[in-house]
Every structure is written in structure tokens, then in C-alpha cells.
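input-v1.txt follows (compact mmCIF, N, CA and C atoms and all ligand atoms):
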# COMPACT_ATOMS: atom_id res chain seq x y z
N MET A 1 9.68 2.92 -20.40
CA MET A 1 10.36 4.00 -21.13
C MET A 1 9.51 5.28 -21.06
N PRO A 2 10.08 6.41 -20.60
CA PRO A 2 9.28 7.64 -20.55
C PRO A 2 8.82 8.05 -21.94
N LYS A 3 7.64 8.61 -22.01
CA LYS A 3 7.05 8.95 -23.31
C LYS A 3 7.12 10.45 -23.57
N ARG A 4 6.92 10.79 -24.84
CA ARG A 4 6.82 12.19 -25.23
C ARG A 4 5.57 12.78 -24.58
N ILE A 5 5.66 14.00 -24.10
CA ILE A 5 4.54 14.61 -23.39
C ILE A 5 3.71 15.43 -24.37
N THR A 6 2.40 15.18 -24.39
CA THR A 6 1.51 15.87 -25.33
C THR A 6 0.78 17.02 -24.63
N GLU A 7 0.12 17.83 -25.43
CA GLU A 7 -0.72 18.91 -24.88
C GLU A 7 -1.83 18.32 -24.00
N GLY A 8 -2.39 17.19 -24.47
CA GLY A 8 -3.45 16.51 -23.70
C GLY A 8 -2.97 16.06 -22.34
N ASP A 9 -1.73 15.57 -22.29
CA ASP A 9 -1.16 15.14 -21.01
C ASP A 9 -1.11 16.32 -20.04
N LEU A 10 -0.64 17.45 -20.55
CA LEU A 10 -0.48 18.64 -19.68
C LEU A 10 -1.84 19.17 -19.26
N ALA A 11 -2.83 19.06 -20.16
CA ALA A 11 -4.18 19.51 -19.81
C ALA A 11 -4.77 18.64 -18.70
N LEU A 12 -4.56 17.33 -18.81
CA LEU A 12 -5.10 16.43 -17.79
C LEU A 12 -4.38 16.65 -16.46
N LEU A 13 -3.08 16.88 -16.53
CA LEU A 13 -2.31 17.16 -15.31
C LEU A 13 -2.79 18.45 -14.64
N ALA A 14 -3.20 19.42 -15.44
CA ALA A 14 -3.72 20.68 -14.88
C ALA A 14 -5.00 20.42 -14.08
N PHE A 15 -5.82 19.49 -14.56
CA PHE A 15 -7.04 19.15 -13.81
C PHE A 15 -6.68 18.45 -12.49
N ALA A 16 -5.63 17.65 -12.50
CA ALA A 16 -5.19 16.98 -11.27
C ALA A 16 -4.66 18.02 -10.28
N ARG A 17 -3.90 18.96 -10.79
CA ARG A 17 -3.30 20.00 -9.93
C ARG A 17 -4.39 20.92 -9.38
N GLU A 18 -5.38 21.19 -10.21
CA GLU A 18 -6.47 22.10 -9.81
C GLU A 18 -7.19 21.61 -8.56
N VAL A 19 -7.35 20.30 -8.46
CA VAL A 19 -8.17 19.74 -7.38
C VAL A 19 -7.34 19.38 -6.14
N GLN A 20 -6.03 19.43 -6.29
CA GLN A 20 -5.11 18.99 -5.22
C GLN A 20 -5.39 19.68 -3.88
N GLY A 21 -5.77 20.94 -3.94
CA GLY A 21 -6.02 21.70 -2.72
C GLY A 21 -7.18 21.18 -1.91
N ARG A 22 -8.01 20.36 -2.51
CA ARG A 22 -9.17 19.82 -1.79
C ARG A 22 -8.88 18.49 -1.12
N ALA A 23 -7.64 18.03 -1.20
CA ALA A 23 -7.27 16.78 -0.52
C ALA A 23 -7.57 16.92 0.98
N TYR A 24 -8.02 15.83 1.57
CA TYR A 24 -8.29 15.82 3.02
C TYR A 24 -7.14 15.05 3.67
N VAL A 25 -6.17 15.81 4.20
CA VAL A 25 -4.91 15.17 4.62
C VAL A 25 -4.45 15.63 6.01
N PRO A 26 -5.29 15.48 7.04
CA PRO A 26 -4.89 15.96 8.37
C PRO A 26 -3.72 15.18 8.95
N TYR A 27 -3.38 14.01 8.43
CA TYR A 27 -2.32 13.18 9.02
C TYR A 27 -1.00 13.32 8.29
N SER A 28 -1.00 13.20 6.98
CA SER A 28 0.26 13.28 6.23
C SER A 28 0.55 14.68 5.72
N ASN A 29 -0.49 15.47 5.56
CA ASN A 29 -0.37 16.79 4.91
C ASN A 29 0.22 16.67 3.49
N PHE A 30 0.15 15.49 2.91
CA PHE A 30 0.65 15.26 1.55
C PHE A 30 -0.55 15.26 0.61
N ARG A 31 -0.68 16.34 -0.13
CA ARG A 31 -1.87 16.51 -0.98
C ARG A 31 -1.64 15.89 -2.35
N VAL A 32 -2.61 15.08 -2.75
CA VAL A 32 -2.55 14.47 -4.08
C VAL A 32 -3.87 14.75 -4.80
N GLY A 33 -3.74 15.16 -6.07
CA GLY A 33 -4.92 15.32 -6.93
C GLY A 33 -4.77 14.39 -8.11
N ALA A 34 -5.88 13.91 -8.62
CA ALA A 34 -5.84 13.02 -9.79
C ALA A 34 -6.96 13.40 -10.74
N ALA A 35 -6.73 13.15 -12.02
CA ALA A 35 -7.76 13.38 -13.03
C ALA A 35 -7.74 12.22 -14.02
N VAL A 36 -8.91 11.65 -14.24
CA VAL A 36 -9.07 10.52 -15.16
C VAL A 36 -9.73 11.02 -16.43
N TYR A 37 -9.25 10.53 -17.57
CA TYR A 37 -9.88 10.83 -18.86
C TYR A 37 -10.58 9.56 -19.34
N ALA A 38 -11.90 9.62 -19.40
CA ALA A 38 -12.70 8.45 -19.80
C ALA A 38 -13.97 8.93 -20.48
N GLY A 39 -14.31 8.29 -21.58
CA GLY A 39 -15.54 8.65 -22.29
C GLY A 39 -15.55 10.10 -22.74
N GLY A 40 -14.37 10.66 -22.99
CA GLY A 40 -14.28 12.05 -23.45
C GLY A 40 -14.50 13.06 -22.34
N GLU A 41 -14.59 12.58 -21.10
CA GLU A 41 -14.81 13.49 -19.98
C GLU A 41 -13.69 13.37 -18.95
N ILE A 42 -13.67 14.35 -18.05
CA ILE A 42 -12.63 14.40 -17.00
C ILE A 42 -13.29 14.14 -15.65
N PHE A 43 -12.67 13.30 -14.86
CA PHE A 43 -13.15 13.03 -13.50
C PHE A 43 -12.00 13.24 -12.53
N GLN A 44 -12.26 14.03 -11.49
CA GLN A 44 -11.20 14.37 -10.55
C GLN A 44 -11.35 13.63 -9.23
N GLY A 45 -10.25 13.51 -8.52
CA GLY A 45 -10.28 12.89 -7.20
C GLY A 45 -9.13 13.41 -6.36
N VAL A 46 -9.28 13.30 -5.06
CA VAL A 46 -8.21 13.69 -4.13
C VAL A 46 -8.03 12.56 -3.11
N ASN A 47 -6.89 12.58 -2.42
CA ASN A 47 -6.73 11.60 -1.33
C ASN A 47 -7.53 12.05 -0.11
N VAL A 48 -8.16 11.07 0.49
CA VAL A 48 -9.02 11.31 1.65
C VAL A 48 -8.53 10.41 2.77
N GLU A 49 -7.92 11.03 3.79
CA GLU A 49 -7.33 10.25 4.87
C GLU A 49 -8.34 9.97 5.99
N ASN A 50 -7.93 9.09 6.89
CA ASN A 50 -8.83 8.64 7.95
C ASN A 50 -8.02 8.36 9.21
N ALA A 51 -8.64 8.59 10.37
CA ALA A 51 -7.97 8.33 11.65
C ALA A 51 -7.53 6.87 11.75
N ALA A 52 -8.26 5.99 11.13
CA ALA A 52 -7.80 4.60 10.95
C ALA A 52 -7.02 4.63 9.64
N TYR A 53 -5.71 4.82 9.73
CA TYR A 53 -4.89 5.16 8.56
C TYR A 53 -5.13 4.27 7.34
N GLY A 54 -5.34 3.00 7.61
CA GLY A 54 -5.52 2.04 6.50
C GLY A 54 -6.79 2.27 5.71
N SER A 55 -7.69 3.06 6.24
CA SER A 55 -8.94 3.35 5.53
C SER A 55 -8.79 4.52 4.56
N THR A 56 -7.60 5.08 4.49
CA THR A 56 -7.33 6.19 3.56
C THR A 56 -7.56 5.75 2.12
N ILE A 57 -8.09 6.68 1.32
CA ILE A 57 -8.28 6.41 -0.11
C ILE A 57 -7.39 7.36 -0.91
N CYS A 58 -6.64 6.80 -1.85
CA CYS A 58 -5.75 7.60 -2.69
C CYS A 58 -6.53 8.39 -3.73
N ALA A 59 -5.91 9.46 -4.20
CA ALA A 59 -6.54 10.32 -5.19
C ALA A 59 -6.86 9.57 -6.49
N GLU A 60 -5.95 8.69 -6.89
CA GLU A 60 -6.15 7.97 -8.16
C GLU A 60 -7.39 7.10 -8.11
N ARG A 61 -7.55 6.41 -6.98
CA ARG A 61 -8.72 5.54 -6.88
C ARG A 61 -9.99 6.37 -6.74
N ALA A 62 -9.91 7.51 -6.07
CA ALA A 62 -11.08 8.38 -5.94
C ALA A 62 -11.52 8.87 -7.32
N ALA A 63 -10.55 9.26 -8.17
CA ALA A 63 -10.87 9.74 -9.51
C ALA A 63 -11.45 8.61 -10.37
N ALA A 64 -10.85 7.44 -10.28
CA ALA A 64 -11.35 6.30 -11.05
C ALA A 64 -12.76 5.94 -10.61
N MET A 65 -13.02 5.99 -9.32
CA MET A 65 -14.36 5.70 -8.80
C MET A 65 -15.38 6.68 -9.35
N ALA A 66 -15.00 7.95 -9.48
CA ALA A 66 -15.92 8.97 -10.00
C ALA A 66 -16.27 8.65 -11.45
N ALA A 67 -15.26 8.24 -12.25
CA ALA A 67 -15.51 7.90 -13.65
C ALA A 67 -16.44 6.69 -13.75
N ILE A 68 -16.17 5.70 -12.95
CA ILE A 68 -16.96 4.47 -13.01
C ILE A 68 -18.38 4.73 -12.54
N THR A 69 -18.50 5.54 -11.51
CA THR A 69 -19.83 5.88 -11.00
C THR A 69 -20.65 6.62 -12.06
N ALA A 70 -19.97 7.40 -12.90
CA ALA A 70 -20.66 8.13 -13.98
C ALA A 70 -20.92 7.23 -15.19
N GLY A 71 -20.45 5.98 -15.13
CA GLY A 71 -20.74 5.03 -16.21
C GLY A 71 -19.61 4.82 -17.19
N TYR A 72 -18.43 5.35 -16.90
CA TYR A 72 -17.29 5.21 -17.81
C TYR A 72 -16.21 4.31 -17.22
N THR A 73 -16.10 3.11 -17.78
CA THR A 73 -15.05 2.19 -17.30
C THR A 73 -13.86 2.18 -18.25
N ASP A 74 -14.02 2.82 -19.39
CA ASP A 74 -12.96 2.81 -20.41
C ASP A 74 -11.99 3.96 -20.13
N ILE A 75 -11.08 3.74 -19.20
CA ILE A 75 -10.16 4.80 -18.76
C ILE A 75 -8.96 4.86 -19.71
N GLU A 76 -8.81 5.99 -20.38
CA GLU A 76 -7.70 6.13 -21.35
C GLU A 76 -6.43 6.66 -20.70
N ALA A 77 -6.62 7.54 -19.71
CA ALA A 77 -5.44 8.16 -19.09
C ALA A 77 -5.78 8.63 -17.69
N ILE A 78 -4.74 8.70 -16.85
CA ILE A 78 -4.90 9.29 -15.52
C ILE A 78 -3.70 10.18 -15.25
N ALA A 79 -3.97 11.35 -14.69
CA ALA A 79 -2.89 12.24 -14.26
C ALA A 79 -2.91 12.28 -12.75
N VAL A 80 -1.71 12.34 -12.17
CA VAL A 80 -1.59 12.43 -10.70
C VAL A 80 -0.59 13.51 -10.37
N CYS A 81 -0.95 14.33 -9.38
CA CYS A 81 -0.06 15.40 -8.97
C CYS A 81 0.06 15.37 -7.45
N GLY A 82 1.27 15.19 -6.96
CA GLY A 82 1.51 15.12 -5.52
C GLY A 82 2.37 16.27 -5.03
N ASP A 83 2.57 16.31 -3.72
CA ASP A 83 3.34 17.38 -3.09
C ASP A 83 4.85 17.13 -3.12
N SER A 84 5.27 16.12 -3.84
CA SER A 84 6.69 15.77 -3.90
C SER A 84 7.44 16.68 -4.87
N GLU A 85 8.76 16.75 -4.70
CA GLU A 85 9.60 17.52 -5.64
C GLU A 85 9.57 16.83 -7.00
N SER A 86 9.81 15.52 -7.00
CA SER A 86 9.80 14.79 -8.27
C SER A 86 8.38 14.32 -8.57
N PRO A 87 8.08 14.06 -9.84
CA PRO A 87 6.72 13.63 -10.20
C PRO A 87 6.26 12.45 -9.36
N CYS A 88 5.03 12.52 -8.87
CA CYS A 88 4.49 11.53 -7.92
C CYS A 88 3.95 10.32 -8.67
N VAL A 89 4.48 9.15 -8.34
CA VAL A 89 4.00 7.91 -8.98
C VAL A 89 2.79 7.35 -8.22
N PRO A 90 1.91 6.64 -8.88
CA PRO A 90 0.80 5.99 -8.17
C PRO A 90 1.33 4.85 -7.30
N CYS A 91 0.73 4.65 -6.15
CA CYS A 91 1.17 3.56 -5.25
C CYS A 91 0.83 2.21 -5.88
N GLY A 92 1.39 1.17 -5.31
CA GLY A 92 1.18 -0.18 -5.86
C GLY A 92 -0.27 -0.59 -5.90
N ALA A 93 -1.02 -0.27 -4.84
CA ALA A 93 -2.44 -0.66 -4.80
C ALA A 93 -3.21 0.04 -5.90
N CYS A 94 -2.89 1.31 -6.16
CA CYS A 94 -3.58 2.04 -7.23
C CYS A 94 -3.22 1.49 -8.60
N ARG A 95 -1.98 1.08 -8.78
CA ARG A 95 -1.58 0.49 -10.07
C ARG A 95 -2.42 -0.75 -10.35
N GLN A 96 -2.56 -1.59 -9.33
CA GLN A 96 -3.36 -2.81 -9.50
C GLN A 96 -4.83 -2.46 -9.74
N PHE A 97 -5.34 -1.51 -9.00
CA PHE A 97 -6.74 -1.10 -9.14
C PHE A 97 -7.01 -0.61 -10.56
N LEU A 98 -6.10 0.21 -11.08
CA LEU A 98 -6.29 0.81 -12.41
C LEU A 98 -6.11 -0.22 -13.52
N ALA A 99 -5.24 -1.22 -13.30
CA ALA A 99 -4.97 -2.24 -14.32
C ALA A 99 -6.23 -3.02 -14.67
N GLU A 100 -7.18 -3.06 -13.76
CA GLU A 100 -8.47 -3.71 -14.02
C GLU A 100 -9.15 -3.11 -15.26
N PHE A 101 -8.96 -1.82 -15.47
CA PHE A 101 -9.71 -1.12 -16.51
C PHE A 101 -8.96 -1.04 -17.83
N ASP A 102 -7.65 -0.87 -17.79
CA ASP A 102 -6.84 -0.93 -19.01
C ASP A 102 -5.35 -0.85 -18.64
N PRO A 103 -4.67 -1.98 -18.72
CA PRO A 103 -3.24 -1.96 -18.36
C PRO A 103 -2.40 -1.07 -19.27
N THR A 104 -2.96 -0.67 -20.41
CA THR A 104 -2.18 0.18 -21.32
C THR A 104 -2.48 1.67 -21.15
N MET A 105 -3.27 2.02 -20.16
CA MET A 105 -3.63 3.45 -20.01
C MET A 105 -2.38 4.31 -19.79
N ARG A 106 -2.51 5.57 -20.16
CA ARG A 106 -1.42 6.52 -20.00
C ARG A 106 -1.44 7.07 -18.59
N VAL A 107 -0.29 7.16 -17.96
CA VAL A 107 -0.19 7.71 -16.61
C VAL A 107 0.72 8.94 -16.66
N ILE A 108 0.14 10.08 -16.34
CA ILE A 108 0.87 11.35 -16.38
C ILE A 108 1.15 11.75 -14.94
N MET A 109 2.40 12.02 -14.62
CA MET A 109 2.80 12.26 -13.23
C MET A 109 3.48 13.61 -13.06
N GLY A 110 3.03 14.35 -12.05
CA GLY A 110 3.61 15.65 -11.76
C GLY A 110 3.79 15.84 -10.27
N GLY A 111 4.58 16.87 -9.94
CA GLY A 111 4.82 17.19 -8.54
C GLY A 111 4.82 18.70 -8.35
N LYS A 112 5.70 19.17 -7.46
CA LYS A 112 5.70 20.61 -7.14
C LYS A 112 6.43 21.45 -8.18
N THR A 113 7.21 20.80 -9.02
CA THR A 113 7.95 21.54 -10.05
C THR A 113 7.26 21.34 -11.41
N ASP A 114 7.89 21.85 -12.45
CA ASP A 114 7.33 21.67 -13.80
C ASP A 114 7.66 20.31 -14.40
N ALA A 115 8.44 19.51 -13.69
CA ALA A 115 8.83 18.19 -14.24
C ALA A 115 7.60 17.30 -14.41
N VAL A 116 7.54 16.62 -15.54
CA VAL A 116 6.41 15.72 -15.84
C VAL A 116 6.98 14.41 -16.39
N ASP A 117 6.42 13.30 -15.92
CA ASP A 117 6.75 11.99 -16.48
C ASP A 117 5.48 11.38 -17.05
N VAL A 118 5.63 10.67 -18.14
CA VAL A 118 4.49 9.95 -18.73
C VAL A 118 4.94 8.52 -19.00
N MET A 119 4.15 7.58 -18.49
CA MET A 119 4.45 6.16 -18.73
C MET A 119 3.15 5.42 -18.98
N ARG A 120 3.27 4.23 -19.55
CA ARG A 120 2.10 3.37 -19.64
C ARG A 120 1.95 2.61 -18.33
N LEU A 121 0.70 2.34 -17.94
CA LEU A 121 0.47 1.65 -16.66
C LEU A 121 1.21 0.31 -16.61
N ASP A 122 1.26 -0.41 -17.73
CA ASP A 122 1.92 -1.72 -17.68
C ASP A 122 3.45 -1.62 -17.60
N GLU A 123 3.97 -0.41 -17.76
CA GLU A 123 5.40 -0.21 -17.47
C GLU A 123 5.58 -0.05 -15.96
N LEU A 124 4.60 0.60 -15.32
CA LEU A 124 4.67 0.80 -13.87
C LEU A 124 4.31 -0.48 -13.11
N LEU A 125 3.47 -1.30 -13.72
CA LEU A 125 3.07 -2.57 -13.09
C LEU A 125 3.03 -3.68 -14.15
N PRO A 126 4.22 -4.26 -14.43
CA PRO A 126 4.24 -5.40 -15.34
C PRO A 126 3.56 -6.59 -14.66
N GLU A 127 2.95 -7.44 -15.44
CA GLU A 127 2.36 -8.69 -14.91
C GLU A 127 1.30 -8.44 -13.85
N ALA A 128 0.42 -7.47 -14.10
CA ALA A 128 -0.69 -7.24 -13.16
C ALA A 128 -1.58 -8.48 -13.11
N PHE A 129 -2.21 -8.70 -11.99
CA PHE A 129 -3.21 -9.78 -11.91
C PHE A 129 -4.48 -9.25 -12.55
N VAL A 130 -4.87 -9.88 -13.66
CA VAL A 130 -6.06 -9.41 -14.38
C VAL A 130 -7.05 -10.55 -14.54
N ARG A 131 -8.23 -10.20 -15.02
CA ARG A 131 -9.36 -11.10 -15.15
C ARG A 131 -9.03 -12.43 -15.84
N GLY A 132 -8.11 -12.40 -16.79
CA GLY A 132 -7.76 -13.61 -17.54
C GLY A 132 -7.35 -14.77 -16.64
N TYR A 133 -6.70 -14.45 -15.52
CA TYR A 133 -6.28 -15.53 -14.62
C TYR A 133 -7.49 -16.24 -14.02
N LEU A 134 -8.53 -15.48 -13.75
CA LEU A 134 -9.74 -16.10 -13.19
C LEU A 134 -10.41 -17.00 -14.23
N ASP A 135 -10.32 -16.59 -15.50
CA ASP A 135 -10.91 -17.39 -16.58
C ASP A 135 -10.17 -18.71 -16.76
N GLU A 136 -8.90 -18.76 -16.29
CA GLU A 136 -8.12 -19.99 -16.42
C GLU A 136 -8.46 -21.02 -15.35
N ASP A 137 -9.31 -20.63 -14.39
CA ASP A 137 -9.70 -21.56 -13.33
C ASP A 137 -10.61 -22.63 -13.94
N THR A 138 -10.14 -23.87 -13.95
CA THR A 138 -10.91 -24.96 -14.58
C THR A 138 -12.00 -25.50 -13.67
N GLY A 139 -11.91 -25.16 -12.39
CA GLY A 139 -12.89 -25.67 -11.43
C GLY A 139 -12.66 -27.13 -11.06
N GLU A 140 -11.58 -27.73 -11.58
CA GLU A 140 -11.34 -29.17 -11.36
C GLU A 140 -11.04 -29.53 -9.92
N ASP A 141 -10.57 -28.54 -9.15
CA ASP A 141 -10.22 -28.85 -7.76
C ASP A 141 -11.40 -28.65 -6.82
N GLU A 142 -12.59 -28.41 -7.40
CA GLU A 142 -13.75 -28.23 -6.53
C GLU A 142 -14.43 -29.56 -6.25
N GLU A 143 -15.00 -29.68 -5.05
CA GLU A 143 -15.70 -30.92 -4.65
C GLU A 143 -17.03 -31.05 -5.37
N1 LIG A 201 -1.33 8.94 -1.85
C1 LIG A 201 -2.13 9.09 -2.95
O1 LIG A 201 -3.23 9.66 -2.86
N2 LIG A 201 -1.70 8.60 -4.12
C2 LIG A 201 -0.48 8.01 -4.31
O2 LIG A 201 -0.20 7.53 -5.37
C3 LIG A 201 0.49 7.98 -3.22
C4 LIG A 201 -0.09 8.24 -1.87
C5 LIG A 201 -1.77 9.52 -0.59
C6 LIG A 201 -2.19 8.54 0.45
C7 LIG A 201 -1.97 9.34 1.71
O3 LIG A 201 -3.12 10.14 1.95
C8 LIG A 201 -0.82 10.25 1.38
O4 LIG A 201 -0.72 10.27 -0.03
C9 LIG A 201 0.50 9.83 1.98
O5 LIG A 201 0.78 8.50 1.71
Would it be possible to restate this file's structure as C-alpha cells?
Ligand code: THU
Amino acid sequence: MPKRITEGDLALLAFAREVQGRAYVPYSNFRVGAAVYAGGEIFQGVNVENAAYGSTICAERAAAMAAITAGYTDIEAIAVCGDSESPCVPCGACRQFLAEFDPTMRVIMGGKTDAVDVMRLDELLPEAFVRGYLDEDTGEDEE
């Protein structure tokens, strides 16, 4: 269910939009900026493409990596801004990557227009594979 948009959401989205121009996108030319809010600080990221296309890193994961590298794993929100007309959603791999840190985090999405969507990560990715499943491994099938 889309959520009410707060001033904080728009502020975080502005940080995502601010950094979008630094995306390295010689192949798709599709620029994405992301901003993570963690530990009371903002961490930005852009998509970085590669001649081996599969080695490309999305903006969301780049921003999350910056937060984690700075010592903040408690991610409260992420904003993503893409070159699309409609608000840009995080790809499936990024949803799974982010669910590791908090499946309830706020995801703020923007594009080339003023339209903004806000959802919880677990609405975008219900039933994420999380650490709890590994804890359920009884080890009984090991030799
Ligand atoms: N991309 C992102 O950075 N985030 C997304 O959520 C969707 C896709 C990037 C990857 C690639 O560089 C370009 O957008 C086109 O897929």
C-alpha cells in the first residue's frame, strides 16, 4: 500500500537525485542515484556499469555499501531516483540485498517527474530469504 509522503522522504529523495549525474552508465545511459538514511547520516550511491554487463552494480547497493562501510548497518530508509518517467523501483536483487538489513525499511522512489512513491521494503519483496532460515538448519543431514 503506498504511504503518505513526509518531508524526510522528499529530503532523502533530493540526495538521491543530487548524485544521479555521477552515475557511470556508458552502456544503458540510464542514470540512477540512491541515498540511504542510517545512523542519522546520509550515504549516496550511483549505478556503476561494466563492459561485462553482469558486473554492473546498482545505485541502491552502492549506497548501502557506503553506509555499511562507514559502520551503519541499521538502514531506516532508502531513496532511489532513476531516469524513468514513473518512479523507479529497486530491482529484485537490490530488494533481497536490502532485506538483509531491515525488511521494514522505507523505500522512497522517484523518476524524471515530481511523482513519488513510498513503500515498505517488505511490500516490494514479501517473503524475503532472511537469516532466520539459516538458523532453522538443524544440521541433521550432515555426515
Ligand atoms: N539500475 C539501478 O541502479 N537500480 C535499479 O533499481 C534498477 C537498475 C541500473 C542498473 C543498470 O546500470 C541500469 O540501471 C539499467 O538497468
Inset, instruction - Select from stretch 7-129 of chain A everything DSSP, run on the backbone, classes as strand (DSSP E), then give the selection as an MDAnalysis selection string. - result: chainID A and resid 33:38 41:46 75:81 106:110 116:120
Legend entry - Residues within 8 Å of (4.6, 13.7, -5.0), counting all atoms listed in the file, listed as a ChimeraX atom specification: /A:30-32,80-89,110-112
Legend entry - atom N of A:Ala62 to atom N of A:Val25, straight-line distance in Å: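 These atoms are spaced 13.7 Å apart.
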Inset, instruction - For ligand LIG 201 (chain A), collect every residue having any atom at a distance of at most 9 Å from a ligand atom (counting only C-alpha atoms and all ligand atoms); output as a PyMOL selection string. - result: chain A and resi 23-34+45-50+53+56-62+80-83+88-95
Inset, instruction - State, in Å with one decimal place, the distance from atom CA of A:Arg4 to atom C of A:Leu124. - result: 17.7 Å
